[in-house]
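Dumped query-v8.tsv below, it's TSV, C-alpha atoms:
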```
chain	number	residue	atom	x	y	z
H	1	MET	CA	-16.64	-8.22	12.88
H	2	THR	CA	-13.06	-9.20	12.26
H	3	GLY	CA	-10.52	-6.40	11.90
H	4	LEU	CA	-7.76	-6.54	9.35
H	5	GLY	CA	-4.84	-4.94	11.11
H	6	SER	CA	-3.54	-1.74	9.59
H	7	ARG	CA	-2.42	-2.16	5.99
H	8	LEU	CA	-0.67	1.17	5.75
H	9	GLY	CA	0.29	1.76	9.34
H	10	ARG	CA	-0.91	4.09	12.01
H	11	ARG	CA	-0.32	7.80	11.88
H	12	ALA	CA	3.33	8.61	12.50
H	13	ARG	CA	3.72	10.59	15.72
H	14	ARG	CA	7.44	10.06	16.22
H	15	THR	CA	10.60	11.54	14.72
H	16	ALA	CA	12.53	9.66	12.05
H	17	ALA	CA	15.18	8.81	14.64
H	18	GLY	CA	12.51	7.55	16.99
H	19	LEU	CA	10.99	5.42	14.27
H	20	ALA	CA	14.34	3.91	13.43
H	21	ALA	CA	15.07	3.14	17.06
H	22	THR	CA	11.66	1.53	17.50
H	23	ALA	CA	12.12	-0.49	14.33
H	24	LEU	CA	15.54	-1.75	15.35
H	25	ALA	CA	14.42	-2.67	18.83
H	26	GLY	CA	11.16	-4.33	17.88
H	27	LEU	CA	11.77	-6.16	14.61
H	28	GLY	CA	15.01	-7.96	15.31
H	29	PHE	CA	16.61	-7.54	11.88
H	30	ALA	CA	20.06	-9.05	12.04
H	31	LEU	CA	21.33	-9.64	8.51
H	32	PRO	CA	23.32	-6.77	6.99
H	33	ALA	CA	23.05	-5.98	3.28
H	34	GLN	CA	24.76	-8.69	1.27
H	35	ALA	CA	24.73	-9.92	-2.30
H	36	GLY	CA	22.16	-12.65	-2.91
H	37	HIS	CA	19.95	-11.65	0.02
H	38	LEU	CA	17.12	-9.15	0.45
H	39	THR	CA	14.94	-8.52	3.48
H	40	VAL	CA	11.60	-7.02	2.51
H	41	THR	CA	8.71	-6.12	4.79
H	42	MET	CA	5.03	-5.44	4.23
H	43	THR	CA	1.76	-5.23	6.13
H	44	THR	CA	-0.98	-7.85	5.74
H	45	TRP	CA	-2.56	-7.08	2.38
H	46	VAL	CA	-3.88	-9.24	-0.44
H	47	GLY	CA	-1.93	-7.32	-3.07
H	48	TYR	CA	1.37	-8.45	-1.57
H	49	GLY	CA	0.57	-12.13	-2.11
H	50	PRO	CA	2.62	-12.60	-5.32
H	51	MET	CA	5.83	-11.77	-3.44
H	52	PHE	CA	5.22	-14.80	-1.21
H	53	LEU	CA	4.09	-16.97	-4.10
H	54	ALA	CA	7.32	-16.24	-5.97
H	55	ARG	CA	9.27	-17.35	-2.91
H	56	ASP	CA	7.23	-20.51	-2.43
H	57	LEU	CA	7.52	-21.50	-6.09
H	58	GLY	CA	11.28	-21.03	-5.99
H	59	TYR	CA	11.40	-18.20	-8.50
H	60	TYR	CA	13.90	-16.19	-6.45
H	61	LYS	CA	16.10	-19.20	-5.82
H	62	GLU	CA	16.24	-19.87	-9.56
H	63	LYS	CA	18.29	-16.70	-9.86
H	64	GLY	CA	20.40	-17.25	-6.79
H	65	LEU	CA	18.41	-14.92	-4.54
H	66	ASP	CA	17.20	-15.46	-0.99
H	67	VAL	CA	14.33	-13.17	0.00
H	68	ASP	CA	13.33	-12.83	3.64
H	69	LEU	CA	9.72	-11.64	3.66
H	70	ARG	CA	8.37	-10.32	6.94
H	71	ILE	CA	4.95	-9.05	7.96
H	72	VAL	CA	5.19	-5.84	10.00
H	73	GLY	CA	1.94	-4.38	11.26
H	74	ASP	CA	2.92	-0.73	11.00
H	75	SER	CA	4.45	0.68	7.82
H	76	THR	CA	6.14	3.48	9.77
H	77	LEU	CA	8.29	0.82	11.44
H	78	SER	CA	9.31	-0.56	8.06
H	79	MET	CA	10.24	2.89	6.80
H	80	GLY	CA	12.23	3.49	9.99
H	81	ALA	CA	14.07	0.19	9.57
H	82	MET	CA	14.85	1.07	5.95
H	83	ALA	CA	16.14	4.49	6.94
H	84	ALA	CA	18.41	2.83	9.50
H	85	GLY	CA	19.76	0.39	6.91
H	86	GLN	CA	18.35	-2.69	8.64
H	87	ILE	CA	16.19	-3.85	5.74
H	88	GLN	CA	16.58	-3.38	2.03
H	89	GLY	CA	13.00	-2.82	0.90
H	90	THR	CA	9.32	-2.71	1.74
H	91	ALA	CA	5.93	-2.66	0.06
H	92	VAL	CA	3.70	0.38	0.54
H	93	THR	CA	1.41	2.68	-1.44
H	94	LEU	CA	2.88	5.12	-3.94
H	95	ASP	CA	1.26	8.13	-2.31
H	96	GLU	CA	2.60	7.24	1.13
H	97	ILE	CA	6.27	7.04	0.14
H	98	LEU	CA	6.19	10.71	-0.85
H	99	LYS	CA	5.98	11.65	2.83
H	100	TYR	CA	9.21	9.87	3.73
H	101	ARG	CA	11.54	10.88	0.89
H	102	SER	CA	14.19	13.30	2.15
H	103	LYS	CA	17.75	14.33	1.37
H	104	ASP	CA	18.93	11.85	3.99
H	105	PHE	CA	16.63	8.95	3.04
H	106	CYS	CA	16.84	7.90	-0.60
H	107	PHE	CA	14.68	5.09	-1.94
H	108	LYS	CA	12.79	4.36	-5.15
H	109	ALA	CA	9.87	2.26	-6.35
H	110	VAL	CA	11.02	-0.45	-8.75
H	111	MET	CA	7.68	-2.04	-9.62
H	112	ALA	CA	3.93	-1.77	-9.11
H	113	LEU	CA	2.38	-4.69	-7.20
H	114	ASP	CA	-1.35	-4.01	-7.30
H	115	ASP	CA	-3.97	-1.32	-7.29
H	116	SER	CA	-7.07	-1.13	-5.16
H	117	HIS	CA	-10.10	-1.82	-7.33
H	118	GLY	CA	-12.89	-1.74	-4.79
H	119	GLY	CA	-10.80	-2.73	-1.78
H	120	ASP	CA	-11.03	0.76	-0.23
H	121	GLY	CA	-14.15	2.84	0.23
H	122	MET	CA	-16.34	5.19	2.22
H	123	VAL	CA	-19.25	3.80	4.22
H	124	THR	CA	-22.25	5.96	5.05
H	125	GLY	CA	-25.90	5.80	5.96
H	126	LYS	CA	-28.28	4.69	3.22
H	127	ASP	CA	-29.79	8.18	3.00
H	128	VAL	CA	-26.50	9.75	1.89
H	129	THR	CA	-26.36	10.23	-1.88
H	130	SER	CA	-23.09	12.13	-2.24
H	131	ILE	CA	-20.06	13.22	-0.25
H	132	ALA	CA	-21.47	16.75	-0.31
H	133	ASP	CA	-24.34	15.51	1.87
H	134	LEU	CA	-21.78	15.02	4.65
H	135	LYS	CA	-20.48	18.59	4.73
H	136	GLY	CA	-19.94	19.75	8.28
H	137	LYS	CA	-20.25	16.22	9.65
H	138	SER	CA	-17.68	13.89	11.19
H	139	ILE	CA	-15.86	11.34	9.03
H	140	ALA	CA	-13.54	8.79	10.62
H	141	MET	CA	-10.33	7.75	8.87
H	142	ASN	CA	-6.69	7.00	9.51
H	143	GLU	CA	-4.94	10.34	9.19
H	144	GLY	CA	-1.61	10.15	7.41
H	145	SER	CA	-2.59	6.92	5.63
H	146	THR	CA	-3.73	6.33	2.09
H	147	SER	CA	-7.33	6.64	3.34
H	148	GLN	CA	-6.76	10.35	3.97
H	149	PHE	CA	-4.99	10.74	0.63
H	150	TRP	CA	-7.84	9.03	-1.23
H	151	PHE	CA	-10.49	11.02	0.64
H	152	ASN	CA	-8.79	14.28	-0.33
H	153	TYR	CA	-8.51	13.05	-3.92
H	154	LEU	CA	-12.27	12.49	-4.00
H	155	LEU	CA	-12.88	15.93	-2.55
H	156	ALA	CA	-10.65	17.60	-5.13
H	157	GLN	CA	-12.68	16.02	-7.92
H	158	GLN	CA	-15.79	17.71	-6.50
H	159	GLY	CA	-14.35	21.09	-5.60
H	160	MET	CA	-14.30	20.48	-1.85
H	161	THR	CA	-11.56	20.38	0.78
H	162	GLN	CA	-11.05	18.51	4.02
H	163	SER	CA	-11.92	21.68	5.96
H	164	ASP	CA	-15.53	21.16	4.84
H	165	PHE	CA	-15.71	18.16	7.18
H	166	LYS	CA	-14.73	17.11	10.69
H	167	VAL	CA	-12.07	14.43	10.33
H	168	VAL	CA	-11.81	12.05	13.27
H	169	ASN	CA	-8.50	10.17	13.40
H	170	MET	CA	-8.95	6.41	13.82
H	171	THR	CA	-7.44	3.29	12.31
H	172	ALA	CA	-9.41	1.93	9.36
H	173	ASP	CA	-10.83	-0.88	11.50
H	174	ALA	CA	-11.76	1.42	14.39
H	175	ALA	CA	-13.39	3.84	11.95
H	176	ALA	CA	-15.53	1.07	10.49
H	177	ALA	CA	-16.45	-0.17	13.97
H	178	ALA	CA	-17.47	3.33	15.07
H	179	PHE	CA	-19.65	3.72	11.99
H	180	ILE	CA	-21.31	0.32	12.43
H	181	ALA	CA	-21.99	1.13	16.08
H	182	GLY	CA	-23.69	4.37	15.03
H	183	ARG	CA	-21.16	6.61	16.76
H	184	ILE	CA	-20.12	8.39	13.57
H	185	PRO	CA	-22.01	9.10	10.32
H	186	ALA	CA	-19.30	8.02	7.86
H	187	ALA	CA	-15.92	6.32	7.66
H	188	VAL	CA	-13.17	5.73	5.13
H	189	THR	CA	-11.98	2.14	5.47
H	190	TRP	CA	-11.18	-0.99	3.47
H	191	GLU	CA	-11.94	-4.68	3.15
H	192	PRO	CA	-13.21	-6.76	4.81
H	193	ASN	CA	-15.02	-3.87	6.51
H	194	LEU	CA	-16.79	-2.79	3.31
H	195	SER	CA	-18.22	-6.26	2.77
H	196	PHE	CA	-19.32	-6.44	6.40
H	197	VAL	CA	-21.33	-3.24	6.01
H	198	ARG	CA	-22.98	-4.56	2.84
H	199	GLU	CA	-23.68	-8.07	4.09
H	200	HIS	CA	-25.05	-7.01	7.47
H	201	ASN	CA	-27.14	-4.14	6.13
H	202	LYS	CA	-25.35	-1.60	8.31
H	203	GLY	CA	-25.36	1.16	5.72
H	204	LYS	CA	-23.81	1.33	2.28
H	205	VAL	CA	-20.55	1.86	0.47
H	206	LEU	CA	-21.06	5.33	-0.95
H	207	VAL	CA	-17.96	5.19	-3.16
H	208	SER	CA	-15.13	2.70	-3.57
H	209	SER	CA	-11.73	2.64	-5.21
H	210	ALA	CA	-13.31	0.78	-8.13
H	211	SER	CA	-14.23	4.24	-9.43
H	212	THR	CA	-10.65	5.55	-9.06
H	213	PRO	CA	-8.41	3.03	-10.85
H	214	GLY	CA	-4.69	3.50	-10.39
H	215	VAL	CA	-4.99	6.05	-7.58
H	216	ILE	CA	-4.34	3.68	-4.67
H	217	LEU	CA	-1.35	1.72	-5.90
H	218	ASP	CA	1.06	-0.50	-3.99
H	219	VAL	CA	4.71	-0.47	-4.99
H	220	LEU	CA	7.88	-2.32	-4.04
H	221	ILE	CA	10.60	0.10	-2.94
H	222	PHE	CA	14.30	-0.32	-2.19
H	223	ARG	CA	16.93	1.96	-0.73
H	224	CYS	CA	18.94	3.71	-3.44
H	225	ASP	CA	22.20	2.13	-2.27
H	226	VAL	CA	20.64	-1.32	-2.60
H	227	ILE	CA	19.48	-0.56	-6.15
H	228	GLN	CA	23.00	0.54	-7.01
H	229	LYS	CA	24.98	-2.21	-5.27
H	230	GLN	CA	22.54	-5.13	-5.61
H	231	ALA	CA	20.93	-4.42	-8.95
H	232	ALA	CA	21.03	-8.10	-9.94
H	233	ASP	CA	19.17	-9.05	-6.74
H	234	VAL	CA	16.52	-6.37	-7.23
H	235	ASP	CA	16.09	-7.52	-10.82
H	236	ALA	CA	15.73	-11.13	-9.67
H	237	MET	CA	13.01	-10.20	-7.20
H	238	VAL	CA	11.09	-8.08	-9.70
H	239	SER	CA	11.30	-10.89	-12.27
H	240	GLY	CA	10.17	-13.44	-9.69
H	241	VAL	CA	7.11	-11.44	-8.66
H	242	LEU	CA	6.09	-10.88	-12.28
H	243	LYS	CA	6.49	-14.60	-12.95
H	244	ALA	CA	4.26	-15.34	-9.94
H	245	VAL	CA	1.59	-12.99	-11.29
H	246	GLU	CA	1.63	-14.94	-14.57
H	247	TYR	CA	1.33	-18.21	-12.65
H	248	THR	CA	-1.71	-16.84	-10.84
H	249	LYS	CA	-3.47	-16.23	-14.17
H	250	THR	CA	-3.37	-19.91	-15.10
H	251	HIS	CA	-3.40	-21.55	-11.64
H	252	GLN	CA	-5.61	-19.24	-9.63
H	253	ALA	CA	-6.95	-21.73	-7.07
H	254	GLU	CA	-3.51	-23.12	-6.27
H	255	ALA	CA	-1.95	-19.65	-6.20
H	256	TYR	CA	-4.60	-18.18	-3.92
H	257	ALA	CA	-4.35	-21.13	-1.53
H	258	ASP	CA	-0.58	-20.68	-1.26
H	259	MET	CA	-0.76	-16.91	-0.87
H	260	ALA	CA	-3.48	-17.19	1.78
H	261	LYS	CA	-1.30	-19.49	3.87
H	262	SER	CA	1.82	-17.36	3.42
H	263	VAL	CA	0.29	-13.91	3.91
H	264	GLY	CA	-1.80	-15.18	6.81
H	265	GLY	CA	-3.71	-12.96	9.22
H	266	TYR	CA	-7.27	-12.22	8.20
H	267	LEU	CA	-6.41	-13.63	4.75
H	268	SER	CA	-5.28	-17.06	5.98
H	269	LYS	CA	-8.31	-18.90	4.56
H	270	PRO	CA	-8.29	-19.37	0.76
H	271	ALA	CA	-11.92	-18.26	0.54
H	272	ASP	CA	-11.14	-15.00	2.33
H	273	PHE	CA	-8.07	-14.40	0.20
H	274	THR	CA	-10.08	-15.05	-2.95
H	275	ALA	CA	-12.77	-12.62	-1.87
H	276	ALA	CA	-10.20	-9.94	-1.05
H	277	ALA	CA	-8.42	-10.50	-4.37
H	278	GLY	CA	-11.61	-9.43	-6.10
H	279	GLY	CA	-10.90	-5.90	-4.88
H	280	VAL	CA	-7.42	-5.55	-6.38
H	281	ASN	CA	-5.64	-5.85	-9.70
H	282	PHE	CA	-2.32	-7.70	-9.61
H	283	TYR	CA	0.11	-5.90	-11.91
H	284	ASP	CA	1.86	-7.94	-14.59
H	285	ALA	CA	4.77	-6.76	-16.73
H	286	ALA	CA	2.62	-5.00	-19.31
H	287	MET	CA	0.61	-3.16	-16.66
H	288	ASN	CA	3.84	-2.11	-14.94
H	289	LYS	CA	5.30	-0.69	-18.12
H	290	SER	CA	2.07	1.13	-18.91
H	291	TYR	CA	1.68	2.56	-15.41
H	292	PHE	CA	5.30	3.58	-14.83
H	293	GLY	CA	6.24	4.58	-18.34
H	294	THR	CA	9.80	5.88	-18.56
H	295	VAL	CA	11.75	8.79	-17.12
H	296	GLN	CA	11.45	10.51	-20.50
H	297	ASN	CA	7.77	9.65	-20.92
H	298	PRO	CA	6.19	8.94	-17.51
H	299	GLY	CA	2.96	6.99	-17.24
H	300	PRO	CA	-0.01	7.49	-14.86
H	301	ALA	CA	2.33	7.10	-11.88
H	302	ASP	CA	3.49	10.65	-12.52
H	303	LYS	CA	-0.05	11.93	-12.04
H	304	VAL	CA	-0.38	10.17	-8.68
H	305	ILE	CA	2.93	11.69	-7.58
H	306	THR	CA	1.66	15.14	-8.53
H	307	LEU	CA	-1.61	14.50	-6.68
H	308	GLY	CA	0.24	13.19	-3.66
H	309	LEU	CA	2.54	16.19	-3.52
H	310	ASP	CA	-0.43	18.52	-3.66
H	311	ILE	CA	-2.51	16.66	-1.08
H	312	TRP	CA	0.25	15.79	1.39
H	313	GLY	CA	1.88	19.17	0.84
H	314	LYS	CA	-1.27	21.01	1.92
H	315	LEU	CA	-1.41	18.75	4.97
H	316	GLY	CA	2.20	19.57	5.84
H	317	LYS	CA	3.57	16.05	5.27
H	318	ILE	CA	6.18	16.58	2.53
H	319	LYS	CA	9.87	16.82	3.53
H	320	MET	CA	11.34	17.72	0.12
H	321	PRO	CA	10.24	18.41	-3.48
H	322	VAL	CA	9.59	15.08	-5.18
H	323	THR	CA	9.44	14.28	-8.90
H	324	TYR	CA	9.05	11.07	-10.90
H	325	PRO	CA	12.82	10.30	-11.08
H	326	THR	CA	13.16	11.11	-7.38
H	327	VAL	CA	11.00	8.17	-6.30
H	328	ILE	CA	10.68	5.82	-9.30
H	329	ASP	CA	13.32	3.70	-11.03
H	330	PRO	CA	11.68	1.95	-14.02
H	331	GLN	CA	14.82	0.17	-15.25
H	332	PHE	CA	13.78	-3.23	-13.92
H	333	ILE	CA	10.31	-3.29	-15.45
H	334	ASP	CA	11.69	-1.78	-18.67
H	335	LYS	CA	13.53	-5.07	-19.19
```

Please go through the file and, once you have read it, give me the structure as structure tokens.
Amino acid sequence: MTGLGSRLGRRARRTAAGLAATALAGLGFALPAQAGHLTVTMTTWVGYGPMFLARDLGYYKEKGLDVDLRIVGDSTLSMGAMAAGQIQGTAVTLDEILKYRSKDFCFKAVMALDDSHGGDGMVTGKDVTSIADLKGKSIAMNEGSTSQFWFNYLLAQQGMTQSDFKVVNMTADAAAAAFIAGRIPAAVTWEPNLSFVREHNKGKVLVSSASTPGVILDVLIFRCDVIQKQAADVDAMVSGVLKAVEYTKTHQAEAYADMAKSVGGYLSKPADFTAAAGGVNFYDAAMNKSYFGTVQNPGPADKVITLGLDIWGKLGKIKMPVTYPTVIDPQFIDK
């Protein structure tokens, strides 16, 4: 079984200052903020492919923008580097950014990249027919990640809470491995672990994100000062990514081959990237406008923010009250 590497990062156990120091020491970011240049990080995830495709097709260059895209295995490092002013933006899930927003760390999502449409799920034994069957039992997941958020979302829909279960903190890959080895009765994980369970008859996927569209959503975020001082650059990147998504619609094979090579990791083979892409929806301009809406008339993103505040708030992860305009700037997709 091949592990993916953590898409959303391991559970943060350090202070913001510690995260920033680790980020600065380990990532080697050297370029300061400057017009015409953006450094953006992300973990290895299929939904981030269009950012690389836009670079490779020259869509950023067309507007005089140089984008330095870097894979960072732990999203907490990216957030620390952003907080320290060493990078301008990163890609992460909408629910996760709610945990980092504070009076001292201002950033906003400027576009939606993709949503998980079957790429995340819960694996269980074949005899399990509902989450309620697992009450009182151990469930492995990455605490503090979108897996925990999604699990709590599922529980809320059925009138249950996390206290009804025994949560065991593991990375998504370790959780899947523990389940497959029979050491734990259930795990919340993501691809390619879900497919491995299905294909090797190791259990079943009890529920996947295909049944919760728009709940696990990846967004591109930038520091507020970058949005203010480099608005033209942010606009150029957003436009480039949207153009890449359109290219993918008409040149899928070529696009997937390029994105596989650029994203790399467990997605480096076109066939693997293509399979993983089946579990996400790449967001085009129309989907962005529908999902974000406007400040005056927010779209479904507002609901996820409300859900995230409730879930992460109860788990003690929120630093400050967060609303739609606190973390979303729809001006670039409004264009």

Anything within 9 Å of (-13.5, 14.3, 12.8): list those residues as a PDB file with C-alpha atoms, in the frame of the given file, counting all atoms listed in the file and sticking to the file's coordinates.
```pdb
ATOM      1  CA  LYS H 137     -20.250  16.220   9.650  1.00  0.00           C
ATOM      2  CA  SER H 138     -17.680  13.890  11.190  1.00  0.00           C
ATOM      3  CA  ILE H 139     -15.860  11.340   9.030  1.00  0.00           C
ATOM      4  CA  ALA H 140     -13.540   8.790  10.620  1.00  0.00           C
ATOM      5  CA  MET H 141     -10.330   7.750   8.870  1.00  0.00           C
ATOM      6  CA  PHE H 165     -15.710  18.160   7.180  1.00  0.00           C
ATOM      7  CA  LYS H 166     -14.730  17.110  10.690  1.00  0.00           C
ATOM      8  CA  VAL H 167     -12.070  14.430  10.330  1.00  0.00           C
ATOM      9  CA  VAL H 168     -11.810  12.050  13.270  1.00  0.00           C
ATOM     10  CA  ASN H 169      -8.500  10.170  13.400  1.00  0.00           C
ATOM     11  CA  ILE H 184     -20.120   8.390  13.570  1.00  0.00           C
TER      12      ILE H 184
END
```

Checklist line | Separation of atom CA of Met287 of chain H from atom CA of Thr93 of chain H in Å | finding: 16.3 Å

Which residues of segment 205-324 of chain H have any atom within 9 Å of an atom in segment 35-52 of chain H when counting all atoms listed in the file, and what is the closest pair of atoms for each, with the distance in Å to one decimal? Order the rows by chain and rising number and write it as a Markdown table.
```
| residue | atom | partner | partner_atom | distance |
| --- | --- | --- | --- | --- |
| H:Asp218 | CA | H:Gly47 | CA | 7.5 |
| H:Leu220 | CA | H:Val40 | CA | 8.9 |
| H:Phe222 | CA | H:Val40 | CA | 8.6 |
| H:Lys229 | CA | H:Ala35 | CA | 8.3 |
| H:Gln230 | CA | H:Ala35 | CA | 6.2 |
| H:Ala232 | CA | H:Gly36 | CA | 8.4 |
| H:Asp233 | CA | H:Gly36 | CA | 6.0 |
| H:Val234 | CA | H:Leu38 | CA | 8.2 |
| H:Met237 | CA | H:Met51 | CA | 8.3 |
| H:Val238 | CA | H:Met51 | CA | 9.0 |
| H:Gly240 | CA | H:Met51 | CA | 7.8 |
| H:Val241 | CA | H:Met51 | CA | 5.4 |
| H:Leu242 | CA | H:Pro50 | CA | 8.0 |
| H:Lys243 | CA | H:Pro50 | CA | 8.8 |
| H:Ala244 | CA | H:Pro50 | CA | 5.6 |
| H:Val245 | CA | H:Pro50 | CA | 6.1 |
| H:Thr248 | CA | H:Pro50 | CA | 8.2 |
| H:Ala255 | CA | H:Pro50 | CA | 8.4 |
| H:Tyr256 | CA | H:Gly49 | CA | 8.2 |
| H:Asp258 | CA | H:Phe52 | CA | 8.3 |
| H:Met259 | CA | H:Gly49 | CA | 5.1 |
| H:Ala260 | CA | H:Gly49 | CA | 7.6 |
| H:Ser262 | CA | H:Phe52 | CA | 6.3 |
| H:Val263 | CA | H:Gly49 | CA | 6.3 |
| H:Gly264 | CA | H:Thr44 | CA | 7.5 |
| H:Gly265 | CA | H:Thr44 | CA | 6.8 |
| H:Tyr266 | CA | H:Thr44 | CA | 8.0 |
| H:Leu267 | CA | H:Val46 | CA | 7.3 |
| H:Phe273 | CA | H:Val46 | CA | 6.7 |
| H:Thr274 | CA | H:Val46 | CA | 8.9 |
| H:Ala276 | CA | H:Val46 | CA | 6.4 |
| H:Ala277 | CA | H:Val46 | CA | 6.1 |
| H:Gly279 | CA | H:Val46 | CA | 9.0 |
| H:Val280 | CA | H:Gly47 | CA | 6.7 |
| H:Asn281 | CA | H:Gly47 | CA | 7.7 |
| H:Phe282 | CA | H:Gly47 | CA | 6.6 |
```

Axis-aligned box over every listed atom of segment 167-180 of chain H, padded by 3 Å per side: centre and edges in Å to one decimal, as lines of an AutoDock Vina configuration file?
```
center_x = -14.4
center_y = 6.8
center_z = 12.2
size_x = 19.9
size_y = 21.3
size_z = 11.7
```

Notebook entry, point to check: Hey, can you check how far atom CA of Gly125 of chain H sits from atom CA of Gly278 of chain H?
Noted result: 24.1 Å

Item checked: Using all atoms listed in the file: which of H:Val219, H:Leu134, H:Val123, H:Ala91 has the shortest distance to Val188 of chain H -> H:Val123

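Reported to one decimal place, the separation of atom CA of Ile71 of chain H from atom CA of Lys319 of chain H is 26.7 Å.
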
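If all atoms listed in the file are the atoms counted, then among H:Ser195, H:Thr90, H:Phe151, H:Ala236 the closest residue to Gly64 of chain H is H:Ala236.
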
Check: Using only C-alpha atoms, which of H:Val295, H:Leu98, H:Glu62, H:Phe105 sits nearest Phe149 of chain H?
Finding: H:Leu98

Starting from the incomplete input, reconstruct N, CA and C atoms of segment 36-55 of chain H and report them as a compact mmCIF listing (two decimals), in the coordinates of the input.
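Result went into selection.txt, see below:
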```txt
# COMPACT_ATOMS: atom_id res chain seq x y z
N GLY H 36 22.92 -11.40 -2.92
CA GLY H 36 22.16 -12.65 -2.91
C GLY H 36 21.11 -12.72 -1.82
N HIS H 37 20.94 -11.64 -1.06
CA HIS H 37 19.95 -11.65 0.02
C HIS H 37 19.24 -10.30 0.10
N LEU H 38 17.93 -10.35 0.25
CA LEU H 38 17.12 -9.15 0.45
C LEU H 38 16.12 -9.41 1.56
N THR H 39 15.99 -8.47 2.47
CA THR H 39 14.94 -8.52 3.48
C THR H 39 13.91 -7.46 3.12
N VAL H 40 12.68 -7.90 2.95
CA VAL H 40 11.60 -7.02 2.51
C VAL H 40 10.41 -7.18 3.45
N THR H 41 9.86 -6.08 3.88
CA THR H 41 8.71 -6.12 4.79
C THR H 41 7.45 -5.62 4.09
N MET H 42 6.33 -5.89 4.73
CA MET H 42 5.03 -5.44 4.23
C MET H 42 3.99 -5.66 5.33
N THR H 43 2.87 -4.98 5.22
CA THR H 43 1.76 -5.23 6.13
C THR H 43 0.90 -6.35 5.52
N THR H 44 -0.11 -6.78 6.24
CA THR H 44 -0.98 -7.85 5.74
C THR H 44 -1.95 -7.28 4.72
N TRP H 45 -1.72 -7.61 3.46
CA TRP H 45 -2.56 -7.08 2.38
C TRP H 45 -2.56 -8.06 1.22
N VAL H 46 -3.72 -8.27 0.63
CA VAL H 46 -3.88 -9.24 -0.44
C VAL H 46 -2.96 -8.95 -1.62
N GLY H 47 -2.74 -7.69 -1.91
CA GLY H 47 -1.93 -7.32 -3.07
C GLY H 47 -0.47 -7.71 -2.97
N TYR H 48 -0.02 -8.06 -1.75
CA TYR H 48 1.37 -8.45 -1.57
C TYR H 48 1.58 -9.96 -1.72
N GLY H 49 0.51 -10.68 -1.98
CA GLY H 49 0.57 -12.13 -2.11
C GLY H 49 1.59 -12.65 -3.12
N PRO H 50 1.68 -12.06 -4.33
CA PRO H 50 2.62 -12.60 -5.32
C PRO H 50 4.08 -12.61 -4.87
N MET H 51 4.46 -11.74 -3.94
CA MET H 51 5.83 -11.77 -3.44
C MET H 51 6.09 -13.08 -2.70
N PHE H 52 5.10 -13.54 -1.94
CA PHE H 52 5.22 -14.80 -1.21
C PHE H 52 5.12 -15.98 -2.17
N LEU H 53 4.25 -15.89 -3.14
CA LEU H 53 4.09 -16.97 -4.10
C LEU H 53 5.38 -17.21 -4.87
N ALA H 54 6.04 -16.13 -5.26
CA ALA H 54 7.32 -16.24 -5.97
C ALA H 54 8.36 -16.96 -5.11
N ARG H 55 8.35 -16.66 -3.83
CA ARG H 55 9.27 -17.35 -2.91
C ARG H 55 8.94 -18.82 -2.82
```
